[in-house]
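Shown here: entry_38.txt, compact mmCIF, C-alpha atoms.
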```
# COMPACT_ATOMS: atom_id res chain seq x y z
CA ARG A 1 13.45 -18.96 20.23
CA ILE A 2 16.14 -21.63 19.77
CA CYS A 3 15.58 -25.04 18.22
CA LEU A 4 17.90 -27.97 19.07
CA ARG A 5 17.86 -31.08 16.94
CA SER A 6 19.46 -34.36 18.04
CA SER A 7 19.77 -37.61 16.11
CA ASN A 8 21.15 -41.04 16.85
CA GLY A 9 21.72 -42.23 13.34
CA ASN A 10 24.98 -43.85 14.34
CA LEU A 11 23.23 -46.12 16.86
CA SER A 12 21.26 -49.11 15.71
CA VAL A 13 20.35 -50.99 18.89
CA SER A 14 19.61 -48.74 21.86
CA GLY A 15 18.00 -45.36 22.05
CA VAL A 16 19.54 -42.14 23.31
CA ALA A 17 18.34 -40.41 26.43
CA PHE A 18 18.86 -36.64 26.50
CA LYS A 19 18.52 -33.87 29.03
CA VAL A 20 18.80 -30.12 28.53
CA LYS A 21 20.05 -27.87 31.34
CA THR A 22 20.52 -24.08 31.41
CA THR A 23 22.31 -21.58 33.61
CA ALA A 24 19.15 -19.39 33.64
CA PRO A 25 16.19 -21.74 34.27
CA LYS A 26 13.84 -18.86 35.17
CA LYS A 27 14.62 -17.10 31.91
CA TYR A 28 14.04 -19.94 29.44
CA CYS A 29 11.41 -22.62 28.90
CA VAL A 30 12.69 -25.88 27.40
CA ARG A 31 10.22 -28.31 25.82
CA PRO A 32 10.92 -31.14 26.27
CA ASN A 33 13.88 -30.83 28.62
CA ILE A 34 14.24 -34.63 28.90
CA GLY A 35 13.34 -37.50 26.60
CA ILE A 36 14.42 -40.44 24.48
CA VAL A 37 15.39 -40.49 20.82
CA ALA A 38 14.59 -43.78 19.17
CA PRO A 39 17.28 -45.46 17.04
CA GLY A 40 17.63 -43.70 13.67
CA ALA A 41 15.13 -40.94 14.62
CA SER A 42 15.43 -37.31 15.62
CA ILE A 43 13.60 -34.92 17.92
CA GLU A 44 13.24 -31.18 18.09
CA VAL A 45 13.75 -29.38 21.38
CA GLN A 46 12.32 -25.87 21.62
CA VAL A 47 13.95 -23.30 23.84
CA ILE A 48 11.67 -20.31 24.42
CA MET A 49 12.81 -17.15 26.14
CA GLN A 50 10.30 -15.85 28.68
CA SER A 51 8.87 -12.35 28.29
CA GLN A 52 11.21 -9.80 29.85
CA LYS A 53 9.99 -6.72 31.72
CA GLU A 54 13.07 -4.78 30.64
CA THR A 55 15.95 -5.09 28.21
CA PRO A 56 18.54 -7.62 29.47
CA ALA A 57 21.71 -5.98 30.74
CA ASP A 58 23.87 -8.47 28.80
CA LEU A 59 22.09 -7.91 25.51
CA GLN A 60 25.31 -7.28 23.58
CA GLN A 61 27.17 -10.23 25.10
CA CYS A 62 24.84 -12.77 26.71
CA LYS A 63 26.43 -15.14 29.24
CA ASP A 64 23.54 -17.65 29.35
CA LYS A 65 24.45 -21.22 28.42
CA PHE A 66 22.78 -24.56 27.76
CA LEU A 67 24.12 -28.05 28.39
CA VAL A 68 22.78 -30.96 26.37
CA GLN A 69 23.55 -34.38 27.87
CA ALA A 70 23.06 -37.60 25.89
CA VAL A 71 23.57 -41.19 26.95
CA ALA A 72 22.65 -44.56 25.48
CA THR A 73 19.70 -46.18 27.20
CA GLY A 74 17.51 -49.20 26.91
CA ALA A 75 14.47 -47.32 28.23
CA THR A 76 11.60 -46.67 25.85
CA ASP A 77 9.73 -43.95 27.75
CA ALA A 78 10.89 -40.65 29.32
CA SER A 79 9.15 -41.56 32.59
CA GLU A 80 11.74 -44.31 33.07
CA LEU A 81 14.57 -41.76 33.20
CA ASP A 82 15.86 -40.34 36.48
CA SER A 83 18.86 -38.44 37.79
CA ALA A 84 20.91 -41.62 37.88
CA THR A 85 20.55 -41.95 34.11
CA PHE A 86 22.77 -38.89 33.56
CA ALA A 87 25.06 -39.42 36.56
CA LYS A 88 28.66 -39.99 35.65
CA ALA A 89 29.92 -43.47 36.44
CA GLU A 90 32.77 -45.71 35.44
CA GLY A 91 32.15 -47.37 32.12
CA LYS A 92 29.31 -44.99 31.20
CA THR A 93 29.75 -42.59 28.29
CA ILE A 94 27.84 -39.35 28.60
CA SER A 95 28.04 -36.89 25.75
CA GLU A 96 27.82 -33.26 26.77
CA THR A 97 27.44 -30.34 24.40
CA LYS A 98 27.55 -26.75 25.61
CA LEU A 99 25.63 -24.06 23.75
CA ARG A 100 26.07 -20.32 24.30
CA VAL A 101 23.10 -17.97 23.85
CA ALA A 102 23.48 -15.16 21.33
CA TYR A 103 20.78 -12.55 20.70
CA THR A 104 20.08 -11.79 17.06
CA SER A 105 17.86 -9.26 15.29
CA PRO A 106 14.67 -10.45 13.56
CA ALA A 107 15.16 -11.64 10.01
CA VAL A 108 14.73 -8.92 7.41
CA PRO A 109 11.99 -9.79 4.90
CA PRO A 110 13.23 -10.34 1.36
CA THR A 111 13.25 -7.30 -0.84
CA VAL A 112 11.41 -7.21 -4.14
CA SER A 113 13.33 -7.05 -7.40
CA GLU A 114 14.09 -3.76 -9.11
CA GLU A 115 11.49 -4.39 -11.82
CA GLU A 116 8.61 -4.91 -9.37
CA PRO A 117 8.83 -1.49 -7.71
CA THR A 118 8.86 0.08 -11.17
CA SER A 119 5.70 -1.73 -12.23
CA VAL A 120 4.06 -1.05 -8.90
CA SER A 121 5.05 2.59 -9.09
CA ALA A 122 3.78 2.85 -12.64
CA GLY A 123 0.49 1.26 -11.66
CA ALA A 124 0.24 3.57 -8.67
CA ASP A 125 0.94 6.60 -10.87
CA GLU A 126 -1.75 5.54 -13.36
CA SER A 127 -4.21 4.93 -10.57
CA ALA A 128 -3.37 8.27 -8.97
CA GLY A 129 -3.72 10.02 -12.35
CA ALA A 130 -7.12 8.46 -13.01
CA GLU A 131 -8.28 9.31 -9.52
CA GLY A 132 -7.03 12.88 -9.89
CA GLU A 133 -8.85 13.27 -13.20
CA SER A 134 -12.04 11.91 -11.68
CA MET A 135 -11.74 14.32 -8.77
CA ALA A 136 -11.20 17.22 -11.20
CA LEU A 137 -14.39 16.32 -13.11
CA LYS A 138 -16.35 16.05 -9.89
CA TYR A 139 -15.02 19.44 -8.75
CA GLU A 140 -15.92 21.08 -12.06
CA ARG A 141 -19.43 19.59 -11.96
CA ALA A 142 -19.92 20.70 -8.38
CA SER A 143 -18.73 24.22 -9.24
CA LYS A 144 -21.24 24.48 -12.11
CA ASP A 145 -24.05 23.26 -9.87
CA LEU A 146 -23.09 25.82 -7.24
CA ILE A 147 -23.07 28.66 -9.78
CA ALA A 148 -26.47 27.59 -11.16
CA ALA A 149 -27.93 27.39 -7.65
CA THR A 150 -26.51 30.83 -6.81
CA ASN A 151 -28.00 32.37 -9.95
CA SER A 152 -31.37 30.79 -9.26
CA TYR A 153 -31.30 32.10 -5.70
CA ASN A 154 -30.39 35.61 -6.88
CA ALA A 155 -33.24 35.54 -9.42
CA SER A 156 -35.67 34.46 -6.73
CA GLN A 157 -34.50 37.25 -4.47
CA ALA A 158 -34.97 39.74 -7.30
CA ASP A 159 -38.55 38.49 -7.89
CA VAL A 160 -39.31 38.78 -4.18
CA SER A 161 -37.97 42.34 -4.09
CA ARG A 162 -40.05 43.30 -7.17
CA LEU A 163 -43.22 41.86 -5.65
CA GLN A 164 -42.56 43.68 -2.39
CA ARG A 165 -42.21 46.98 -4.28
CA GLU A 166 -45.45 46.35 -6.20
CA ILE A 167 -47.32 45.55 -2.98
CA ALA A 168 -46.01 48.75 -1.43
CA ASP A 169 -47.18 50.75 -4.49
CA TYR A 170 -50.64 49.13 -4.29
CA LYS A 171 -50.89 50.04 -0.63
CA LEU A 172 -50.01 53.66 -1.40
CA GLN A 173 -52.62 53.79 -4.19
CA VAL A 174 -55.30 52.34 -1.91
CA THR A 175 -54.46 54.83 0.80
CA ASP A 176 -54.60 57.69 -1.70
CA LEU A 177 -58.00 56.54 -3.01
CA LYS A 178 -59.37 56.32 0.52
CA SER A 179 -58.15 59.84 1.19
CA LYS A 180 -59.77 61.16 -2.02
CA MET A 181 -63.06 59.43 -1.24
CA VAL A 182 -63.21 60.95 2.21
CA SER A 183 -62.40 64.40 0.79
CA GLY A 184 -65.09 64.05 -1.93
CA GLU A 185 -67.81 63.10 0.53
CA ALA A 186 -66.97 66.08 2.69
CA GLU A 187 -67.05 68.43 -0.31
CA VAL A 188 -70.43 67.13 -1.49
CA ALA A 189 -71.87 67.55 1.97
CA THR A 190 -70.55 71.10 2.10
CA LYS A 191 -71.93 72.14 -1.36
CA ALA A 192 -75.42 70.64 -0.86
CA PRO A 193 -78.15 73.38 -1.59
CA THR A 194 -80.18 74.79 1.28
CA GLY A 195 -83.01 76.67 -0.74
CA PHE A 196 -85.53 75.71 -3.55
CA SER A 197 -84.18 73.86 -6.48
CA LEU A 198 -84.79 74.77 -10.16
CA LEU A 199 -87.34 72.00 -10.46
CA HIS A 200 -89.36 73.45 -7.64
CA LEU A 201 -89.36 76.89 -9.32
CA LEU A 202 -90.39 75.37 -12.64
CA LEU A 203 -93.33 73.54 -11.06
CA VAL A 204 -94.47 76.71 -9.30
CA SER A 205 -94.32 78.65 -12.58
CA ILE A 206 -96.39 76.04 -14.42
CA ILE A 207 -99.00 75.99 -11.67
CA CYS A 208 -99.26 79.76 -11.69
CA PHE A 209 -99.63 79.79 -15.51
CA LEU A 210 -102.42 77.29 -15.40
CA ILE A 211 -104.26 79.13 -12.63
CA GLY A 212 -104.00 82.41 -14.49
CA ARG A 213 -105.24 80.86 -17.73
CA PHE A 214 -108.32 79.20 -16.35
CA MET A 215 -109.35 81.67 -13.76
```
Any chance you could put this one into structure tokens?
Amino acid sequence: RICLRSSNGNLSVSGVAFKVKTTAPKKYCVRPNIGIVAPGASIEVQVIMQSQKETPADLQQCKDKFLVQAVATGATDASELDSATFAKAEGKTISETKLRVAYTSPAVPPTVSEEEPTSVSAGADESAGAEGESMALKYERASKDLIAATNSYNASQADVSRLQREIADYKLQVTDLKSKMVSGEAEVATKAPTGFSLLHLLLVSIICFLIGRFM
């Protein structure tokens, strides 16, 4: 982007009509390309380069040029200007200024002073140190919580294993008792007497004694 500034401070009566021409009209946009500068005033002309699809071949040494024409005029509005205004004629003075285009790199932002990076670096170091300390505390706390959770889980697993063993022992005891009960019932049934019992014999003896006594 190129800015052209024109003034007519040396003129006090008439204004100055100007016109901007270029050797590459499709490459640049000039706003305004024609106009009038009032006596003692100035105007800014913007020259904007259109977006390029590829890097210009003459990037290192551009051959584009601009021609700024200026002539005194009594007109007050740019619509009153025509091609005859800038046509060369006897007795008419037309000022022409040629400008060559030169590509430049974007301006480099100003660098900070030597003291500022030091303070910034120091602040960054302190912040990083505090953050690192905080992360270390969080890691230590998380490690302790993990160990406690692991111990609790192991204890729970141990309790579960103990209960499973006790249940298995109870099952074995119940099975053993059932087996003993079945064996006892079978033994009692086998040893049951088939003849007269002692009570029967005693009753028979008493009856016989009484019969023999009273008969």
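Distances from A:Thr23, A:Ser105, A:Ala158, A:Cys29 to Gln50 (chain A) were compared using all atoms listed in the file, and the smallest one belongs to A:Cys29.
We find CA of Glu44 (chain A) and CA of Thr93 (chain A) to be spaced 22.5 Å apart.
If you measure from each of A:Met135, A:Leu202, A:Ala17, A:Val174 to Glu96 (chain A) using only C-alpha atoms, the closest one turns out to be A:Ala17.
Among the candidates A:Gln52, A:Gln164, A:Ser95, A:Gln46, the one nearest to Val68 (chain A) when counting only C-alpha atoms is A:Ser95.
From CA of Ala102 (chain A) back to CA of Ile36 (chain A), the distance works out to 27.0 Å.
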- What separation in Å, quoted to one decimal, exists between CA of Lys26 (chain A) and CA of Ala107 (chain A)? 26.2 Å
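When only C-alpha atoms are used to compute distances to Met49 (chain A), the closest of the residues A:Ile94, A:Leu67, A:Gly15, A:Val101 turns out to be A:Val101.
Closest to Gln69 (chain A) among A:Ser14, A:Ser42, A:Thr97, A:Gln173 is A:Thr97, based on all atoms listed in the file.
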Mind writing region 29-179 of chain A to a file for me, with C-alpha atoms, as a PDB file, in the first residue's frame?
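Once written, part_30.pdb looks like this:
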```pdb
ATOM      1  CA  CYS A  29      -6.240   0.431  -7.318  1.00  0.00           C
ATOM      2  CA  VAL A  30      -5.873   4.208  -6.903  1.00  0.00           C
ATOM      3  CA  ARG A  31      -8.348   6.096  -4.705  1.00  0.00           C
ATOM      4  CA  PRO A  32      -9.006   8.778  -5.746  1.00  0.00           C
ATOM      5  CA  ASN A  33      -7.205   8.776  -9.079  1.00  0.00           C
ATOM      6  CA  ILE A  34      -8.462  12.283  -9.927  1.00  0.00           C
ATOM      7  CA  GLY A  35      -9.514  15.245  -7.820  1.00  0.00           C
ATOM      8  CA  ILE A  36      -8.975  18.828  -6.721  1.00  0.00           C
ATOM      9  CA  VAL A  37      -6.860  20.136  -3.864  1.00  0.00           C
ATOM     10  CA  ALA A  38      -8.224  23.343  -2.434  1.00  0.00           C
ATOM     11  CA  PRO A  39      -5.816  26.258  -1.870  1.00  0.00           C
ATOM     12  CA  GLY A  40      -3.638  25.648   1.197  1.00  0.00           C
ATOM     13  CA  ALA A  41      -5.035  22.108   1.743  1.00  0.00           C
ATOM     14  CA  SER A  42      -3.740  18.613   1.142  1.00  0.00           C
ATOM     15  CA  ILE A  43      -5.200  15.262   0.146  1.00  0.00           C
ATOM     16  CA  GLU A  44      -4.126  11.680   0.583  1.00  0.00           C
ATOM     17  CA  VAL A  45      -4.167   9.318  -2.372  1.00  0.00           C
ATOM     18  CA  GLN A  46      -4.124   5.611  -1.567  1.00  0.00           C
ATOM     19  CA  VAL A  47      -2.532   3.165  -3.956  1.00  0.00           C
ATOM     20  CA  ILE A  48      -3.527  -0.421  -3.141  1.00  0.00           C
ATOM     21  CA  MET A  49      -1.957  -3.423  -4.808  1.00  0.00           C
ATOM     22  CA  GLN A  50      -4.501  -6.039  -5.855  1.00  0.00           C
ATOM     23  CA  SER A  51      -4.225  -9.573  -4.487  1.00  0.00           C
ATOM     24  CA  GLN A  52      -1.811 -11.612  -6.591  1.00  0.00           C
ATOM     25  CA  LYS A  53      -2.332 -15.298  -7.382  1.00  0.00           C
ATOM     26  CA  GLU A  54       1.430 -15.853  -7.510  1.00  0.00           C
ATOM     27  CA  THR A  55       4.623 -14.049  -6.605  1.00  0.00           C
ATOM     28  CA  PRO A  56       5.408 -11.283  -9.139  1.00  0.00           C
ATOM     29  CA  ALA A  57       8.284 -12.157 -11.446  1.00  0.00           C
ATOM     30  CA  ASP A  58       9.848  -8.702 -10.921  1.00  0.00           C
ATOM     31  CA  LEU A  59       9.725  -8.891  -7.144  1.00  0.00           C
ATOM     32  CA  GLN A  60      13.400  -7.980  -6.734  1.00  0.00           C
ATOM     33  CA  GLN A  61      13.299  -5.118  -9.229  1.00  0.00           C
ATOM     34  CA  CYS A  62       9.765  -3.922  -9.975  1.00  0.00           C
ATOM     35  CA  LYS A  63       9.295  -1.943 -13.191  1.00  0.00           C
ATOM     36  CA  ASP A  64       5.834  -0.547 -12.345  1.00  0.00           C
ATOM     37  CA  LYS A  65       5.565   3.246 -12.319  1.00  0.00           C
ATOM     38  CA  PHE A  66       3.092   5.968 -11.401  1.00  0.00           C
ATOM     39  CA  LEU A  67       2.657   9.393 -12.944  1.00  0.00           C
ATOM     40  CA  VAL A  68       1.120  12.191 -10.903  1.00  0.00           C
ATOM     41  CA  GLN A  69      -0.085  15.157 -12.976  1.00  0.00           C
ATOM     42  CA  ALA A  70      -1.032  18.474 -11.370  1.00  0.00           C
ATOM     43  CA  VAL A  71      -2.358  21.640 -12.952  1.00  0.00           C
ATOM     44  CA  ALA A  72      -3.921  24.831 -11.637  1.00  0.00           C
ATOM     45  CA  THR A  73      -7.669  24.963 -12.099  1.00  0.00           C
ATOM     46  CA  GLY A  74     -10.593  27.139 -11.243  1.00  0.00           C
ATOM     47  CA  ALA A  75     -12.929  24.145 -10.907  1.00  0.00           C
ATOM     48  CA  THR A  76     -14.266  23.306  -7.470  1.00  0.00           C
ATOM     49  CA  ASP A  77     -15.485  19.751  -8.055  1.00  0.00           C
ATOM     50  CA  ALA A  78     -13.785  16.666  -9.575  1.00  0.00           C
ATOM     51  CA  SER A  79     -16.787  16.108 -11.861  1.00  0.00           C
ATOM     52  CA  GLU A  80     -15.817  19.277 -13.724  1.00  0.00           C
ATOM     53  CA  LEU A  81     -12.468  17.773 -14.755  1.00  0.00           C
ATOM     54  CA  ASP A  82     -11.996  15.994 -18.076  1.00  0.00           C
ATOM     55  CA  SER A  83      -9.184  14.819 -20.319  1.00  0.00           C
ATOM     56  CA  ALA A  84      -8.701  18.334 -21.651  1.00  0.00           C
ATOM     57  CA  THR A  85      -7.782  19.526 -18.161  1.00  0.00           C
ATOM     58  CA  PHE A  86      -4.522  17.541 -18.262  1.00  0.00           C
ATOM     59  CA  ALA A  87      -3.851  17.933 -21.991  1.00  0.00           C
ATOM     60  CA  LYS A  88      -0.679  19.788 -22.785  1.00  0.00           C
ATOM     61  CA  ALA A  89      -1.234  23.144 -24.447  1.00  0.00           C
ATOM     62  CA  GLU A  90       0.685  26.328 -25.035  1.00  0.00           C
ATOM     63  CA  GLY A  91       0.706  28.533 -21.990  1.00  0.00           C
ATOM     64  CA  LYS A  92      -0.466  25.737 -19.665  1.00  0.00           C
ATOM     65  CA  THR A  93       1.879  24.442 -16.973  1.00  0.00           C
ATOM     66  CA  ILE A  94       1.389  20.813 -16.050  1.00  0.00           C
ATOM     67  CA  SER A  95       3.521  19.380 -13.295  1.00  0.00           C
ATOM     68  CA  GLU A  96       4.372  15.720 -13.692  1.00  0.00           C
ATOM     69  CA  THR A  97       6.024  13.559 -11.068  1.00  0.00           C
ATOM     70  CA  LYS A  98       7.071   9.982 -11.777  1.00  0.00           C
ATOM     71  CA  LEU A  99       7.142   7.434  -8.972  1.00  0.00           C
ATOM     72  CA  ARG A 100       8.760   4.003  -9.222  1.00  0.00           C
ATOM     73  CA  VAL A 101       7.296   1.066  -7.271  1.00  0.00           C
ATOM     74  CA  ALA A 102       9.611  -0.730  -4.851  1.00  0.00           C
ATOM     75  CA  TYR A 103       8.542  -3.767  -2.817  1.00  0.00           C
ATOM     76  CA  THR A 104       9.538  -3.710   0.833  1.00  0.00           C
ATOM     77  CA  SER A 105       9.261  -6.230   3.666  1.00  0.00           C
ATOM     78  CA  PRO A 106       6.709  -5.653   6.445  1.00  0.00           C
ATOM     79  CA  ALA A 107       7.931  -3.476   9.275  1.00  0.00           C
ATOM     80  CA  VAL A 108       9.545  -5.411  12.106  1.00  0.00           C
ATOM     81  CA  PRO A 109       7.777  -4.786  15.427  1.00  0.00           C
ATOM     82  CA  PRO A 110       9.890  -2.963  18.003  1.00  0.00           C
ATOM     83  CA  THR A 111      11.860  -5.165  20.313  1.00  0.00           C
ATOM     84  CA  VAL A 112      11.514  -4.929  24.074  1.00  0.00           C
ATOM     85  CA  SER A 113      14.374  -3.632  26.184  1.00  0.00           C
ATOM     86  CA  GLU A 114      16.892  -5.957  27.777  1.00  0.00           C
ATOM     87  CA  GLU A 115      15.406  -5.451  31.248  1.00  0.00           C
ATOM     88  CA  GLU A 116      11.883  -6.497  30.221  1.00  0.00           C
ATOM     89  CA  PRO A 117      12.796 -10.006  29.047  1.00  0.00           C
ATOM     90  CA  THR A 118      14.661 -10.513  32.315  1.00  0.00           C
ATOM     91  CA  SER A 119      11.655  -9.535  34.405  1.00  0.00           C
ATOM     92  CA  VAL A 120       9.333 -11.542  32.209  1.00  0.00           C
ATOM     93  CA  SER A 121      11.646 -14.517  32.374  1.00  0.00           C
ATOM     94  CA  ALA A 122      11.933 -14.201  36.134  1.00  0.00           C
ATOM     95  CA  GLY A 123       8.175 -14.006  36.478  1.00  0.00           C
ATOM     96  CA  ALA A 124       7.782 -16.985  34.177  1.00  0.00           C
ATOM     97  CA  ASP A 125      10.336 -18.964  36.206  1.00  0.00           C
ATOM     98  CA  GLU A 126       8.530 -18.159  39.464  1.00  0.00           C
ATOM     99  CA  SER A 127       5.204 -19.085  37.955  1.00  0.00           C
ATOM    100  CA  ALA A 128       6.633 -22.308  36.547  1.00  0.00           C
ATOM    101  CA  GLY A 129       8.218 -23.123  39.924  1.00  0.00           C
ATOM    102  CA  ALA A 130       4.964 -22.556  41.796  1.00  0.00           C
ATOM    103  CA  GLU A 131       3.057 -24.604  39.263  1.00  0.00           C
ATOM    104  CA  GLY A 132       5.625 -27.397  39.476  1.00  0.00           C
ATOM    105  CA  GLU A 133       5.411 -27.429  43.275  1.00  0.00           C
ATOM    106  CA  SER A 134       1.627 -27.555  43.119  1.00  0.00           C
ATOM    107  CA  MET A 135       1.776 -30.444  40.666  1.00  0.00           C
ATOM    108  CA  ALA A 136       4.217 -32.293  42.945  1.00  0.00           C
ATOM    109  CA  LEU A 137       1.846 -31.931  45.923  1.00  0.00           C
ATOM    110  CA  LYS A 138      -1.074 -33.132  43.844  1.00  0.00           C
ATOM    111  CA  TYR A 139       0.955 -36.132  42.649  1.00  0.00           C
ATOM    112  CA  GLU A 140       1.997 -37.029  46.192  1.00  0.00           C
ATOM    113  CA  ARG A 141      -1.598 -36.753  47.441  1.00  0.00           C
ATOM    114  CA  ALA A 142      -2.861 -38.869  44.572  1.00  0.00           C
ATOM    115  CA  SER A 143      -0.179 -41.502  45.242  1.00  0.00           C
ATOM    116  CA  LYS A 144      -1.197 -41.739  48.914  1.00  0.00           C
ATOM    117  CA  ASP A 145      -4.856 -42.076  47.977  1.00  0.00           C
ATOM    118  CA  LEU A 146      -3.990 -44.818  45.503  1.00  0.00           C
ATOM    119  CA  ILE A 147      -1.969 -46.743  48.102  1.00  0.00           C
ATOM    120  CA  ALA A 148      -4.785 -46.427  50.670  1.00  0.00           C
ATOM    121  CA  ALA A 149      -7.353 -47.619  48.129  1.00  0.00           C
ATOM    122  CA  THR A 150      -5.125 -50.553  47.176  1.00  0.00           C
ATOM    123  CA  ASN A 151      -4.670 -51.586  50.806  1.00  0.00           C
ATOM    124  CA  SER A 152      -8.400 -51.353  51.445  1.00  0.00           C
ATOM    125  CA  TYR A 153      -9.102 -53.472  48.378  1.00  0.00           C
ATOM    126  CA  ASN A 154      -6.556 -56.093  49.457  1.00  0.00           C
ATOM    127  CA  ALA A 155      -8.096 -56.223  52.948  1.00  0.00           C
ATOM    128  CA  SER A 156     -11.543 -56.681  51.454  1.00  0.00           C
ATOM    129  CA  GLN A 157     -10.279 -59.473  49.254  1.00  0.00           C
ATOM    130  CA  ALA A 158      -8.712 -61.148  52.275  1.00  0.00           C
ATOM    131  CA  ASP A 159     -12.021 -60.941  54.197  1.00  0.00           C
ATOM    132  CA  VAL A 160     -13.885 -62.412  51.234  1.00  0.00           C
ATOM    133  CA  SER A 161     -11.404 -65.291  50.998  1.00  0.00           C
ATOM    134  CA  ARG A 162     -11.702 -65.986  54.753  1.00  0.00           C
ATOM    135  CA  LEU A 163     -15.498 -66.033  54.588  1.00  0.00           C
ATOM    136  CA  GLN A 164     -15.402 -68.367  51.598  1.00  0.00           C
ATOM    137  CA  ARG A 165     -13.156 -70.779  53.522  1.00  0.00           C
ATOM    138  CA  GLU A 166     -15.466 -70.677  56.568  1.00  0.00           C
ATOM    139  CA  ILE A 167     -18.515 -71.363  54.390  1.00  0.00           C
ATOM    140  CA  ALA A 168     -16.718 -74.306  52.807  1.00  0.00           C
ATOM    141  CA  ASP A 169     -15.856 -75.684  56.284  1.00  0.00           C
ATOM    142  CA  TYR A 170     -19.493 -75.302  57.404  1.00  0.00           C
ATOM    143  CA  LYS A 171     -20.661 -77.181  54.340  1.00  0.00           C
ATOM    144  CA  LEU A 172     -18.244 -80.025  55.072  1.00  0.00           C
ATOM    145  CA  GLN A 173     -19.420 -80.195  58.705  1.00  0.00           C
ATOM    146  CA  VAL A 174     -23.069 -80.285  57.649  1.00  0.00           C
ATOM    147  CA  THR A 175     -22.360 -83.024  55.143  1.00  0.00           C
ATOM    148  CA  ASP A 176     -20.484 -85.028  57.786  1.00  0.00           C
ATOM    149  CA  LEU A 177     -23.346 -84.659  60.279  1.00  0.00           C
ATOM    150  CA  LYS A 178     -25.863 -85.805  57.677  1.00  0.00           C
ATOM    151  CA  SER A 179     -23.708 -88.839  56.966  1.00  0.00           C
TER     152      SER A 179
END
```
